[in-house]
Amino acid sequence: MNHQRRELIFSIFQHLLAVLGPQNWWPAETAFEVIVGAILTQNTAWKNVEKSIANLRSHGLLTFDSLCHAPIAELAPVLRPSGYYNQKSRKIKAFCDVIEERWQGDLALFLSQDMNLLRSELLSVSGIGPETADSIILYAAAQPSFVVDTYTHRIFMRHGWVADNISYEDLREYFMSCLAPDLKFFQELHALLVRTGHLFCRRKPLCVSCPLSGWNGAG
């Protein structure tokens with residue numbers, strides 16, 4: 001079963017890569033920018049996150065130290081384009097508090113810990129769920145924890161490759177259990193699935209133009 005699943009995933013990857021090309025995701029200049037983006041992208045489109053990131057940069061708030069010391073009343077208006085800006089301000093501050101209190105402000109040391117320990121600690125931070133945690137691990141910590149998002153679930157569910165009601169953890173395990181822990185592959189596969197979902201596998205799908213339309217994994 002794992003062999004068949006691995007072959008399916010690799011064939012999907014190769015097909016999407018040939019059609020869509022390399023995605024070079026995640027767009028960020030620093031690990032901390034990845035983390036901020038991962039929190040801000042909850043329940044919004046990436047184009048809105050980009051506006052908030054640009055606001056943070058123009059206000060001199062796109063560093064760990066500056067965000068740690070910025071009051072929520074100052075931070076929230078800057079994050080307005082990404083929606084839920086009061087909540088997201090508190091989530092970012094909660095993350096910064098953990099790094100300051102448990103890791104003496106050493107973000108690099110925090111990100112360098114064992115992947116499972118890092119994931120467990122991220123999930124203990126208020127406002128950070130599994131998808132956000134795995135995004136931080138994969139792109140900020142550069143460790144191979146596969147990210148499952150709405151698009152991944154939708155694509156694999158609609159093709160009948162997984163059950164409709166599969167949980168986040170079970171779908172993550174669907175990938176993790178049959179794939180070698182290859183950082184670059186995980187990053188590119190996740191990005192290709194996101195791109196496919198964004199362009200084609202929407203709530204109202206554009207199946208006719210989708211590169212996986214009528215595709216059975218044979219290429």
# chains A, B, ... in the order shown; residues from 1 in each chain; ligands from 1
call {"tool": "closest_atom_pairs", "arguments": {"of": "region 11-128 of chain A", "to": "region 186-192 of chain A", "cutoff": "12 Å", "atoms": "only C-alpha atoms", "output": "JSON lines"}}
result
{"residue": "A:Ser11", "atom": "CA", "partner": "A:Leu189", "partner_atom": "CA", "distance": 10.9}
{"residue": "A:Ile12", "atom": "CA", "partner": "A:Leu189", "partner_atom": "CA", "distance": 8.7}
{"residue": "A:Phe13", "atom": "CA", "partner": "A:Leu189", "partner_atom": "CA", "distance": 6.0}
{"residue": "A:Gln14", "atom": "CA", "partner": "A:Leu189", "partner_atom": "CA", "distance": 9.2}
{"residue": "A:His15", "atom": "CA", "partner": "A:Leu192", "partner_atom": "CA", "distance": 10.0}
{"residue": "A:Leu16", "atom": "CA", "partner": "A:Leu192", "partner_atom": "CA", "distance": 6.5}
{"residue": "A:Leu17", "atom": "CA", "partner": "A:Leu192", "partner_atom": "CA", "distance": 7.0}
{"residue": "A:Ala18", "atom": "CA", "partner": "A:Leu192", "partner_atom": "CA", "distance": 10.4}
{"residue": "A:Val19", "atom": "CA", "partner": "A:Leu192", "partner_atom": "CA", "distance": 9.9}
{"residue": "A:Leu20", "atom": "CA", "partner": "A:Leu192", "partner_atom": "CA", "distance": 7.5}
{"residue": "A:Gly21", "atom": "CA", "partner": "A:Leu192", "partner_atom": "CA", "distance": 8.4}
{"residue": "A:Pro22", "atom": "CA", "partner": "A:Glu188", "partner_atom": "CA", "distance": 7.1}
{"residue": "A:Gln23", "atom": "CA", "partner": "A:Ala191", "partner_atom": "CA", "distance": 6.1}
{"residue": "A:Asn24", "atom": "CA", "partner": "A:Glu188", "partner_atom": "CA", "distance": 7.2}
{"residue": "A:Trp25", "atom": "CA", "partner": "A:Ala191", "partner_atom": "CA", "distance": 6.1}
{"residue": "A:Trp26", "atom": "CA", "partner": "A:Ala191", "partner_atom": "CA", "distance": 8.1}
{"residue": "A:Pro27", "atom": "CA", "partner": "A:Ala191", "partner_atom": "CA", "distance": 10.9}
call {"tool": "residues_around", "arguments": {"residues": "His159 (chain A)", "least_positions_apart": "5", "cutoff": "10 Å", "atoms": "only C-alpha atoms", "output": "number ranges by chain"}}
result
A: 154, 212-216
call {"tool": "residues_around", "arguments": {"residues": "Pro71 (chain A)", "least_positions_apart": "4", "cutoff": "10 Å", "atoms": "only C-alpha atoms", "output": "PDB file with C-alpha atoms, in the first residue's frame"}}
result
ATOM      1  CA  SER A  66      10.596  45.002  16.910  1.00  0.00           C
ATOM      2  CA  LEU A  67       7.461  42.838  17.015  1.00  0.00           C
ATOM      3  CA  LEU A  75       0.442  46.236  15.550  1.00  0.00           C
ATOM      4  CA  ALA A  76      -3.207  45.490  14.773  1.00  0.00           C
ATOM      5  CA  SER A  89      -1.763  40.393  16.452  1.00  0.00           C
ATOM      6  CA  ARG A  90      -2.318  38.410  19.647  1.00  0.00           C
ATOM      7  CA  LYS A  93       2.675  38.278  20.206  1.00  0.00           C
TER       8      LYS A  93
END
call {"tool": "residues_around", "arguments": {"residues": "Glu173 (chain A)", "least_positions_apart": "4", "cutoff": "12 Å", "atoms": "only C-alpha atoms", "output": "number ranges by chain"}}
result
A: 2, 5, 145-148, 162, 166-169, 177-179
call {"tool": "select_by_dssp", "arguments": {"residues": "region 43-94 of chain A", "states": "helix (DSSP H, G or I)", "output": "PyMOL selection string"}}
result
chain A and resi 46-58+64-69+72-78+80-82+85-94
call {"tool": "write_last_selection", "arguments": {"atoms": "N, CA and C atoms", "output": "short mmCIF file (atom, residue, chain, number, x, y, z; two decimals), in the first residue's frame"}}
result
data_model
loop_
_atom_site.label_atom_id
_atom_site.label_comp_id
_atom_site.auth_asym_id
_atom_site.auth_seq_id
_atom_site.Cartn_x
_atom_site.Cartn_y
_atom_site.Cartn_z
N TRP A 46 -3.27 34.82 0.12
CA TRP A 46 -1.87 35.26 0.28
C TRP A 46 -1.68 36.71 -0.15
N LYS A 47 -2.45 37.18 -1.14
CA LYS A 47 -2.30 38.57 -1.59
C LYS A 47 -2.57 39.54 -0.45
N ASN A 48 -3.45 39.17 0.48
CA ASN A 48 -3.72 40.01 1.64
C ASN A 48 -2.58 39.97 2.65
N VAL A 49 -1.97 38.79 2.77
CA VAL A 49 -0.80 38.65 3.64
C VAL A 49 0.34 39.53 3.12
N GLU A 50 0.54 39.54 1.81
CA GLU A 50 1.61 40.36 1.22
C GLU A 50 1.45 41.83 1.58
N LYS A 51 0.21 42.30 1.62
CA LYS A 51 -0.04 43.69 1.98
C LYS A 51 0.34 43.95 3.44
N SER A 52 0.00 43.02 4.31
CA SER A 52 0.35 43.17 5.72
C SER A 52 1.87 43.09 5.93
N ILE A 53 2.51 42.16 5.21
CA ILE A 53 3.97 42.05 5.30
C ILE A 53 4.63 43.36 4.84
N ALA A 54 4.12 43.91 3.75
CA ALA A 54 4.66 45.18 3.25
C ALA A 54 4.45 46.29 4.29
N ASN A 55 3.30 46.30 4.94
CA ASN A 55 3.04 47.28 5.99
C ASN A 55 4.02 47.14 7.14
N LEU A 56 4.24 45.89 7.56
CA LEU A 56 5.19 45.65 8.65
C LEU A 56 6.58 46.14 8.28
N ARG A 57 6.98 45.85 7.05
CA ARG A 57 8.32 46.27 6.61
C ARG A 57 8.43 47.79 6.59
N SER A 58 7.42 48.45 6.08
CA SER A 58 7.48 49.92 5.98
C SER A 58 7.44 50.60 7.35
N PHE A 64 12.07 40.15 14.77
CA PHE A 64 11.60 39.56 16.02
C PHE A 64 11.61 40.60 17.14
N ASP A 65 12.70 41.33 17.29
CA ASP A 65 12.81 42.30 18.38
C ASP A 65 11.76 43.39 18.28
N SER A 66 11.55 43.90 17.06
CA SER A 66 10.60 45.00 16.91
C SER A 66 9.17 44.54 17.20
N LEU A 67 8.81 43.33 16.75
CA LEU A 67 7.46 42.84 17.01
C LEU A 67 7.26 42.49 18.49
N CYS A 68 8.31 42.00 19.12
CA CYS A 68 8.21 41.68 20.55
C CYS A 68 7.85 42.92 21.37
N HIS A 69 8.36 44.05 20.96
CA HIS A 69 8.19 45.26 21.76
C HIS A 69 7.06 46.16 21.25
N ILE A 72 0.03 45.67 20.94
CA ILE A 72 -1.00 45.19 20.03
C ILE A 72 -1.76 46.35 19.40
N ALA A 73 -1.98 47.42 20.16
CA ALA A 73 -2.70 48.58 19.63
C ALA A 73 -1.96 49.20 18.45
N GLU A 74 -0.65 49.08 18.43
CA GLU A 74 0.14 49.59 17.31
C GLU A 74 0.21 48.57 16.18
N LEU A 75 0.26 47.30 16.54
CA LEU A 75 0.44 46.24 15.55
C LEU A 75 -0.83 45.95 14.75
N ALA A 76 -1.96 45.91 15.42
CA ALA A 76 -3.21 45.49 14.77
C ALA A 76 -3.56 46.29 13.52
N PRO A 77 -3.49 47.62 13.55
CA PRO A 77 -3.85 48.37 12.33
C PRO A 77 -2.94 48.06 11.15
N VAL A 78 -1.69 47.74 11.42
CA VAL A 78 -0.74 47.42 10.36
C VAL A 78 -1.12 46.11 9.68
N ARG A 80 -4.19 44.96 9.30
CA ARG A 80 -5.59 45.02 8.87
C ARG A 80 -5.85 44.32 7.52
N PRO A 81 -4.97 44.44 6.51
CA PRO A 81 -5.27 43.81 5.21
C PRO A 81 -5.45 42.30 5.26
N SER A 82 -4.84 41.63 6.24
CA SER A 82 -4.93 40.17 6.30
C SER A 82 -6.16 39.67 7.06
N TYR A 85 -7.36 41.00 12.28
CA TYR A 85 -6.07 41.59 12.63
C TYR A 85 -5.84 41.68 14.13
N ASN A 86 -6.89 41.82 14.93
CA ASN A 86 -6.70 41.82 16.38
C ASN A 86 -6.27 40.43 16.87
N GLN A 87 -6.97 39.41 16.36
CA GLN A 87 -6.63 38.03 16.73
C GLN A 87 -5.21 37.68 16.28
N LYS A 88 -4.89 38.04 15.06
CA LYS A 88 -3.58 37.69 14.52
C LYS A 88 -2.46 38.44 15.22
N SER A 89 -2.75 39.65 15.66
CA SER A 89 -1.76 40.39 16.45
C SER A 89 -1.46 39.65 17.74
N ARG A 90 -2.51 39.15 18.39
CA ARG A 90 -2.32 38.41 19.65
C ARG A 90 -1.57 37.10 19.40
N LYS A 91 -1.85 36.44 18.28
CA LYS A 91 -1.16 35.19 17.97
C LYS A 91 0.33 35.42 17.75
N ILE A 92 0.66 36.47 17.01
CA ILE A 92 2.08 36.78 16.77
C ILE A 92 2.77 37.14 18.09
N LYS A 93 2.09 37.91 18.91
CA LYS A 93 2.67 38.28 20.21
C LYS A 93 2.84 37.05 21.10
N ALA A 94 1.88 36.13 21.05
CA ALA A 94 1.98 34.90 21.85
C ALA A 94 3.19 34.09 21.43
#
call {"tool": "atom_distance", "arguments": {"atom1": "CA of Asp164 (chain A)", "atom2": "CA of Leu118 (chain A)"}}
result
29.2 Å
call {"tool": "residues_around", "arguments": {"residues": "region 32-44 of chain A", "least_positions_apart": "6", "cutoff": "6 Å", "atoms": "only C-alpha atoms", "output": "NGL selection string"}}
result
:A and (132 or 136 or 140)
call {"tool": "write_last_selection", "arguments": {"atoms": "N, CA and C atoms", "output": "short mmCIF file (atom, residue, chain, number, x, y, z; two decimals), in the first residue's frame"}}
result
data_model
loop_
_atom_site.label_atom_id
_atom_site.label_comp_id
_atom_site.auth_asym_id
_atom_site.auth_seq_id
_atom_site.Cartn_x
_atom_site.Cartn_y
_atom_site.Cartn_z
N THR A 132 -0.38 25.68 10.46
CA THR A 132 0.57 26.76 10.71
C THR A 132 1.87 26.20 11.27
N ILE A 136 5.60 26.42 9.44
CA ILE A 136 6.78 26.99 10.11
C ILE A 136 7.93 25.99 10.10
N ALA A 140 10.42 27.63 7.67
CA ALA A 140 11.26 28.47 8.53
C ALA A 140 12.37 27.66 9.18
#
